[in-house]
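Have a look at structure_25.csv below; it lists CSV, C-alpha atoms and all ligand atoms.
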chain,number,residue,atom,x,y,z
A,1,MET,CA,130.9,29.9,137.6
A,2,THR,CA,133.7,32.5,137.7
A,3,THR,CA,137.2,31.6,138.9
A,4,THR,CA,137.9,35.0,140.4
A,5,PRO,CA,135.9,36.0,143.4
A,6,LEU,CA,133.2,38.6,142.9
A,7,ARG,CA,134.0,41.9,144.7
A,8,LEU,CA,131.1,42.6,147.0
A,9,ALA,CA,130.8,46.0,148.6
A,10,VAL,CA,128.6,46.2,151.7
A,11,ILE,CA,127.6,49.9,152.2
A,12,VAL,CA,126.7,51.3,155.6
A,13,GLY,CA,124.1,53.9,154.5
A,14,SER,CA,123.5,55.8,157.7
A,15,VAL,CA,126.1,58.2,159.2
A,16,ARG,CA,124.5,59.6,162.3
A,17,GLU,CA,126.1,59.5,165.8
A,18,GLY,CA,124.9,56.4,167.6
A,19,ARG,CA,123.7,54.7,164.5
A,20,PHE,CA,122.8,51.0,164.3
A,21,GLY,CA,123.8,50.5,160.7
A,22,PRO,CA,127.3,49.0,161.4
A,23,VAL,CA,125.8,46.2,163.4
A,24,VAL,CA,123.5,45.2,160.5
A,25,ALA,CA,126.4,45.6,158.0
A,26,SER,CA,128.6,43.3,160.1
A,27,TRP,CA,125.9,40.7,160.2
A,28,ILE,CA,125.3,40.6,156.4
A,29,ALA,CA,129.0,40.8,155.7
A,30,ALA,CA,129.4,37.7,157.9
A,31,GLN,CA,126.6,36.0,156.0
A,32,ALA,CA,128.3,36.8,152.7
A,33,ALA,CA,131.6,35.5,154.0
A,34,ARG,CA,130.1,32.0,154.2
A,35,ASP,CA,130.4,32.1,150.4
A,36,ALA,CA,134.1,31.9,149.4
A,37,GLY,CA,133.2,33.3,146.0
A,38,PHE,CA,132.8,36.8,147.5
A,39,GLU,CA,135.6,39.2,148.3
A,40,ILE,CA,134.0,41.6,150.8
A,41,ASP,CA,134.6,45.2,151.3
A,42,VAL,CA,132.6,47.0,154.0
A,43,ILE,CA,132.2,50.7,153.0
A,44,ASP,CA,131.2,53.1,155.7
A,45,LEU,CA,129.9,56.4,154.3
A,46,ALA,CA,130.7,58.1,157.6
A,47,GLU,CA,134.4,57.8,156.6
A,48,ALA,CA,134.0,59.7,153.3
A,49,GLU,CA,133.6,63.3,152.5
A,50,ILE,CA,130.3,63.6,150.6
A,51,PRO,CA,129.2,67.2,150.1
A,52,LEU,CA,125.5,67.9,149.3
A,53,ALA,CA,126.7,70.4,146.6
A,54,LEU,CA,127.1,68.2,143.5
A,55,PRO,CA,129.4,68.8,140.6
A,56,ALA,CA,128.4,71.2,137.8
A,57,VAL,CA,127.9,68.4,135.3
A,58,PRO,CA,126.0,65.3,136.3
A,59,PRO,CA,128.2,62.1,136.6
A,60,ALA,CA,125.9,60.5,134.0
A,61,MET,CA,127.3,63.0,131.5
A,62,GLU,CA,130.8,63.4,133.0
A,63,PRO,CA,131.9,60.2,134.6
A,64,ASN,CA,135.0,61.8,136.3
A,65,PRO,CA,133.9,65.1,137.7
A,66,PRO,CA,136.2,67.0,140.1
A,67,ARG,CA,135.6,65.2,143.4
A,68,PRO,CA,136.8,66.2,146.9
A,69,ALA,CA,140.0,64.4,148.0
A,70,GLY,CA,138.1,62.9,150.9
A,71,MET,CA,135.8,61.1,148.4
A,72,ARG,CA,138.6,59.4,146.3
A,73,ASP,CA,138.8,56.3,148.4
A,74,LEU,CA,135.0,55.9,148.3
A,75,SER,CA,134.8,56.4,144.5
A,76,GLU,CA,137.6,53.9,143.9
A,77,ARG,CA,136.0,51.2,146.1
A,78,LEU,CA,132.6,51.7,144.5
A,79,GLY,CA,134.2,51.5,141.1
A,80,ALA,CA,136.1,48.3,142.0
A,81,ALA,CA,132.9,46.5,143.2
A,82,ASP,CA,131.1,43.9,141.1
A,83,ALA,CA,128.0,43.9,143.3
A,84,PHE,CA,126.6,45.8,146.2
A,85,ILE,CA,124.6,45.3,149.4
A,86,ILE,CA,123.1,48.5,150.6
A,87,VAL,CA,122.3,48.5,154.4
A,88,THR,CA,119.7,51.1,155.0
A,89,PRO,CA,117.2,52.3,157.7
A,90,ASP,CA,114.0,54.2,157.0
A,91,TYR,CA,114.3,57.9,157.6
A,92,ASN,CA,110.9,59.5,157.3
A,93,ARG,CA,109.7,56.7,155.0
A,94,SER,CA,112.8,57.0,152.8
A,95,PHE,CA,116.5,56.3,152.9
A,96,PRO,CA,119.2,58.6,154.5
A,97,ALA,CA,120.4,61.7,152.7
A,98,SER,CA,124.0,60.4,153.1
A,99,LEU,CA,123.1,57.5,150.8
A,100,LYS,CA,121.5,59.7,148.2
A,101,ALA,CA,124.5,62.0,148.1
A,102,ALA,CA,126.9,59.1,147.7
A,103,ILE,CA,124.7,57.7,144.9
A,104,ASP,CA,124.4,61.0,143.1
A,105,TRP,CA,128.1,61.8,143.1
A,106,HIS,CA,128.7,58.6,141.0
A,107,PHE,CA,127.3,57.0,137.9
A,108,THR,CA,129.6,54.5,136.1
A,109,GLN,CA,130.4,53.0,139.6
A,110,TRP,CA,126.8,51.7,139.8
A,111,GLN,CA,126.1,51.1,136.1
A,112,GLY,CA,125.5,47.6,134.9
A,113,LYS,CA,126.0,46.1,138.4
A,114,ALA,CA,123.8,44.1,140.8
A,115,ILE,CA,122.5,45.6,144.0
A,116,ALA,CA,120.8,43.9,147.0
A,117,PHE,CA,119.4,45.4,150.2
A,118,VAL,CA,119.2,44.9,153.9
A,119,GLY,CA,116.8,47.2,155.7
A,120,TYR,CA,116.0,47.9,159.3
A,121,SER,CA,114.0,50.4,161.3
A,122,GLY,CA,110.8,50.6,163.3
A,123,ALA,CA,107.6,49.1,162.0
A,124,SER,CA,108.6,49.3,158.3
A,125,GLY,CA,111.9,47.5,158.6
A,126,GLY,CA,113.7,49.5,155.9
A,127,LEU,CA,111.3,48.4,153.2
A,128,LEU,CA,110.1,52.0,152.4
A,129,ALA,CA,113.7,53.0,151.8
A,130,ILE,CA,114.4,49.9,149.8
A,131,GLU,CA,111.5,50.4,147.5
A,132,GLN,CA,112.6,54.0,146.8
A,133,LEU,CA,116.2,52.9,146.2
A,134,ARG,CA,115.0,50.5,143.5
A,135,GLN,CA,113.6,53.5,141.6
A,136,VAL,CA,116.8,55.4,142.1
A,137,PHE,CA,119.1,52.6,140.9
A,138,ASN,CA,116.9,52.0,137.9
A,139,GLU,CA,118.0,55.5,136.7
A,140,LEU,CA,121.6,54.5,137.4
A,141,ASP,CA,121.2,51.6,135.0
A,142,ALA,CA,121.8,49.0,137.8
A,143,HIS,CA,119.9,45.9,138.5
A,144,THR,CA,118.2,45.5,141.9
A,145,VAL,CA,117.8,42.0,143.2
A,146,ARG,CA,114.2,40.9,144.1
A,147,GLU,CA,115.2,39.2,147.4
A,148,TYR,CA,116.0,41.3,150.5
A,149,VAL,CA,116.3,41.1,154.2
A,150,SER,CA,114.2,43.3,156.5
A,151,PHE,CA,114.4,43.8,160.2
A,152,PRO,CA,111.3,45.6,161.5
A,153,ARG,CA,111.7,46.7,165.1
A,154,TYR,CA,115.3,45.6,164.9
A,155,TYR,CA,115.9,46.6,168.6
A,156,LEU,CA,113.8,43.6,169.6
A,157,LEU,CA,115.7,41.2,167.2
A,158,PHE,CA,119.3,42.0,168.1
A,159,GLY,CA,120.9,41.6,171.5
A,160,GLU,CA,123.4,44.0,173.1
A,161,ASP,CA,126.2,41.9,171.6
A,162,GLY,CA,125.0,42.6,168.1
A,163,GLN,CA,123.8,39.0,167.6
A,164,LEU,CA,120.3,38.0,166.6
A,165,HIS,CA,118.1,36.3,169.2
A,166,ALA,CA,116.6,34.0,166.5
A,167,PRO,CA,119.1,33.9,163.6
A,168,GLU,CA,117.7,31.0,161.5
A,169,GLU,CA,115.1,32.8,159.4
A,170,PRO,CA,117.1,36.0,158.7
A,171,GLU,CA,120.1,33.8,157.8
A,172,ALA,CA,117.9,31.8,155.3
A,173,GLN,CA,116.7,35.0,153.8
A,174,ALA,CA,120.2,36.3,153.5
A,175,GLN,CA,121.5,33.2,151.8
A,176,ALA,CA,118.6,33.3,149.3
A,177,MET,CA,119.3,37.0,148.6
A,178,LEU,CA,123.1,36.3,148.3
A,179,GLY,CA,122.4,33.4,145.9
A,180,ARG,CA,120.5,35.7,143.6
A,181,LEU,CA,122.9,38.5,144.0
A,182,ARG,CA,125.7,36.2,143.0
A,183,TRP,CA,123.7,35.0,139.9
A,184,TRP,CA,123.1,38.5,138.7
A,185,ALA,CA,126.6,39.7,139.5
A,186,GLU,CA,128.2,36.9,137.6
A,187,ALA,CA,126.0,37.6,134.6
A,188,LEU,CA,126.5,41.3,134.7
A,189,THR,CA,130.3,41.1,135.3
A,190,ALA,CA,130.6,38.9,132.2
A,191,ALA,CA,128.4,41.3,130.2
A,192,ARG,CA,130.4,44.3,131.2
A,193,ALA,CA,133.6,42.5,130.2
A,194,VAL,CA,132.1,41.9,126.7
A,195,ALA,CA,130.9,45.5,126.4
A,196,ALA,CA,134.2,47.0,127.6
A,201,LIG,C1,115.4,61.2,160.9
A,201,LIG,C2,114.9,59.9,161.2
A,201,LIG,C3,113.7,59.5,160.6
A,201,LIG,C4,113.1,58.2,160.9
A,201,LIG,N1,112.0,57.8,160.3
A,201,LIG,C5,111.6,56.6,160.4
A,201,LIG,C6,110.5,56.1,159.7
A,201,LIG,O1,110.0,56.7,158.8
A,201,LIG,N2,110.1,54.8,159.9
A,201,LIG,C7,110.7,54.0,160.8
A,201,LIG,O2,110.2,52.9,161.0
A,201,LIG,N3,111.7,54.4,161.6
A,201,LIG,C8,112.2,55.7,161.4
A,201,LIG,N4,113.2,56.1,162.1
A,201,LIG,C9,113.8,55.2,163.1
A,201,LIG,C10,115.1,54.6,162.5
A,201,LIG,O3,114.8,53.7,161.5
A,201,LIG,C11,116.0,54.1,163.6
A,201,LIG,O4,116.3,55.1,164.4
A,201,LIG,C12,117.3,53.5,163.0
A,201,LIG,O5,118.1,53.1,164.1
A,201,LIG,C13,118.0,54.4,162.1
A,201,LIG,O6,119.2,53.8,161.6
A,201,LIG,P1,120.6,54.3,162.1
A,201,LIG,O7,120.6,54.0,163.6
A,201,LIG,O8,121.6,53.4,161.4
A,201,LIG,O9,120.8,55.7,161.9
A,201,LIG,C14,113.8,57.4,161.9
A,201,LIG,C15,115.0,57.8,162.5
A,201,LIG,C16,115.5,59.1,162.1
A,201,LIG,C17,116.8,59.5,162.8

Transcribe the structure of this file into structure tokens.
Amino acid sequence: MTTTPLRLAVIVGSVREGRFGPVVASWIAAQAARDAGFEIDVIDLAEAEIPLALPAVPPAMEPNPPRPAGMRDLSERLGAADAFIIVTPDYNRSFPASLKAAIDWHFTQWQGKAIAFVGYSGASGGLLAIEQLRQVFNELDAHTVREYVSFPRYYLLFGEDGQLHAPEEPEAQAQAMLGRLRWWAEALTAARAVAA
């Protein structure tokens, strides 16, 4: 058990106008706030400047490439996090390009950290995006947590007020996921401290 709270970044992966992502991010942030051991930072990718044109040298080789001024806040907050929850829809059976660009602009900010997922969309509930993200984060030398939360046909599950009609089951899934995320984040935070 750590004495300092783990810094948990909840990332809103979609950036389109009228998106639903912030509602799901608020919900999982509230679930995480039930555990006083998490210090929560909700990161909205729509607020960052994330060009599709990547730096000349990959961040895996050059951890501090020249980045746009509008990305500085994002890079610092990713770097400060001990663990992540990525909130993602399915876009054409994958995850949004905004998320891929944010991932690809960074490397050490993800490396050796624990990552969990909350998905939502039509029939597939974000699961297709989540499965692909697991592959991507493997290359980033990050650990993805087995447990997840998925909202298929989310528009039937959430009310106009952003609250779930039947919260019990998703809340139980969230707490199970958060428990494992905490376990991995504590282990990896300790391991990173030894390696540093
Ligand atoms: C470009 C695009 C592709 C989509 N592809 C899928 C899909 O493959 N499977 C699915 O279930 N829903 C799909 N949807 C529906 C989205 O999951 C749904 O619109 C969701 O609200 C998107 O998240 P957002 O509102 O945060 O942008 C797609 C939506 C968009 C905009």

Could you give me, as a VMD selection string, the residues within 10 Å of A:Ala176, counting only C-alpha atoms and dropping anything in the same chain fewer than 5 positions from it? chain A and resid 147 to 149 170 to 171 181 to 182

Applying 12 Å and all atoms listed in the file, which residues near stretch 163-166 of chain A remain after dropping the ones on its own chain fewer than 2 positions away? List them as a VMD selection string. chain A and resid 23 to 28 30 151 154 to 161 168 to 172

Could you please extract the residues within 12 Å of ligand LIG 201 (chain A), counting only C-alpha atoms and all ligand atoms, and hand them back as a ChimeraX atom specification? /A:11-25,44-46,86-99,118-129,150-156,158

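Put simply, atom CA of A:Ala142 is 25.1 Å away from atom CA of A:Gly70.
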
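Going from atom CA of A:Ala48 to atom CA of A:Ala102 covers 9.1 Å.
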
What gap, in Å, lies between atom CA of A:Asp104 and atom CA of A:Phe137?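 Computed distance, atom CA of A:Asp104 to atom CA of A:Phe137, equals 10.2 Å.
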
Would you please work out which residue, of A:Val57, A:Ala101, A:Val136, A:Val10, is nearest to A:Ala33 when using all atoms listed in the file?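 Closest to A:Ala33, using all atoms listed in the file: A:Val10.
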
Which one of A:Pro68, A:Pro5, A:Gly37, A:Gly162 sits closest to A:Glu49 if you count only C-alpha atoms? A:Pro68

For stretch 96-109 of chain A, I'd like the enclosing box, axis-aligned and padded by 8 Å on every side, reported as JSON with centre and edge lengths in Å to one decimal.
{"center_x": 124.8, "center_y": 57.5, "center_z": 145.3, "size_x": 27.2, "size_y": 25.0, "size_z": 34.4}

Give me, as an MDAnalysis selection string, all polymer residues having an atom no more than 12 Å from A:Leu54, counting only C-alpha atoms and skipping those fewer than 2 positions away in the same chain. chainID A and resid 50:52 56:59 65:68 100:106

Between A:Ser75, A:Asn138, A:Gln173, A:Asn64, which has the minimum distance to A:Ala9 (counting only C-alpha atoms)?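 Under the stated criterion, the closest residue is A:Ser75.
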
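Proximity ranking of A:Met71, A:Ala29, A:Val194, A:Ala187 relative to A:Phe117 places A:Ala29 first, based on only C-alpha atoms.
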
Quick one: of A:Gln132, A:Ala53, A:Gln31, A:Ala80, who's nearest to A:Pro167, counting all atoms listed in the file?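 Residue with the minimum atom-to-atom distance to A:Pro167: A:Gln31.
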
Counting all atoms listed in the file, which of A:Ala114, A:Ala190, A:Ile40, A:Ala195 gets nearest to A:Arg7?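 Closest candidate: A:Ile40.
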
Name the residues in contact with A:Ala60 at a cut-off of 9 Å, using all atoms listed in the file, excluding same-chain residues fewer than 6 positions from it; report them as a ChimeraX atom specification. /A:106-108,140
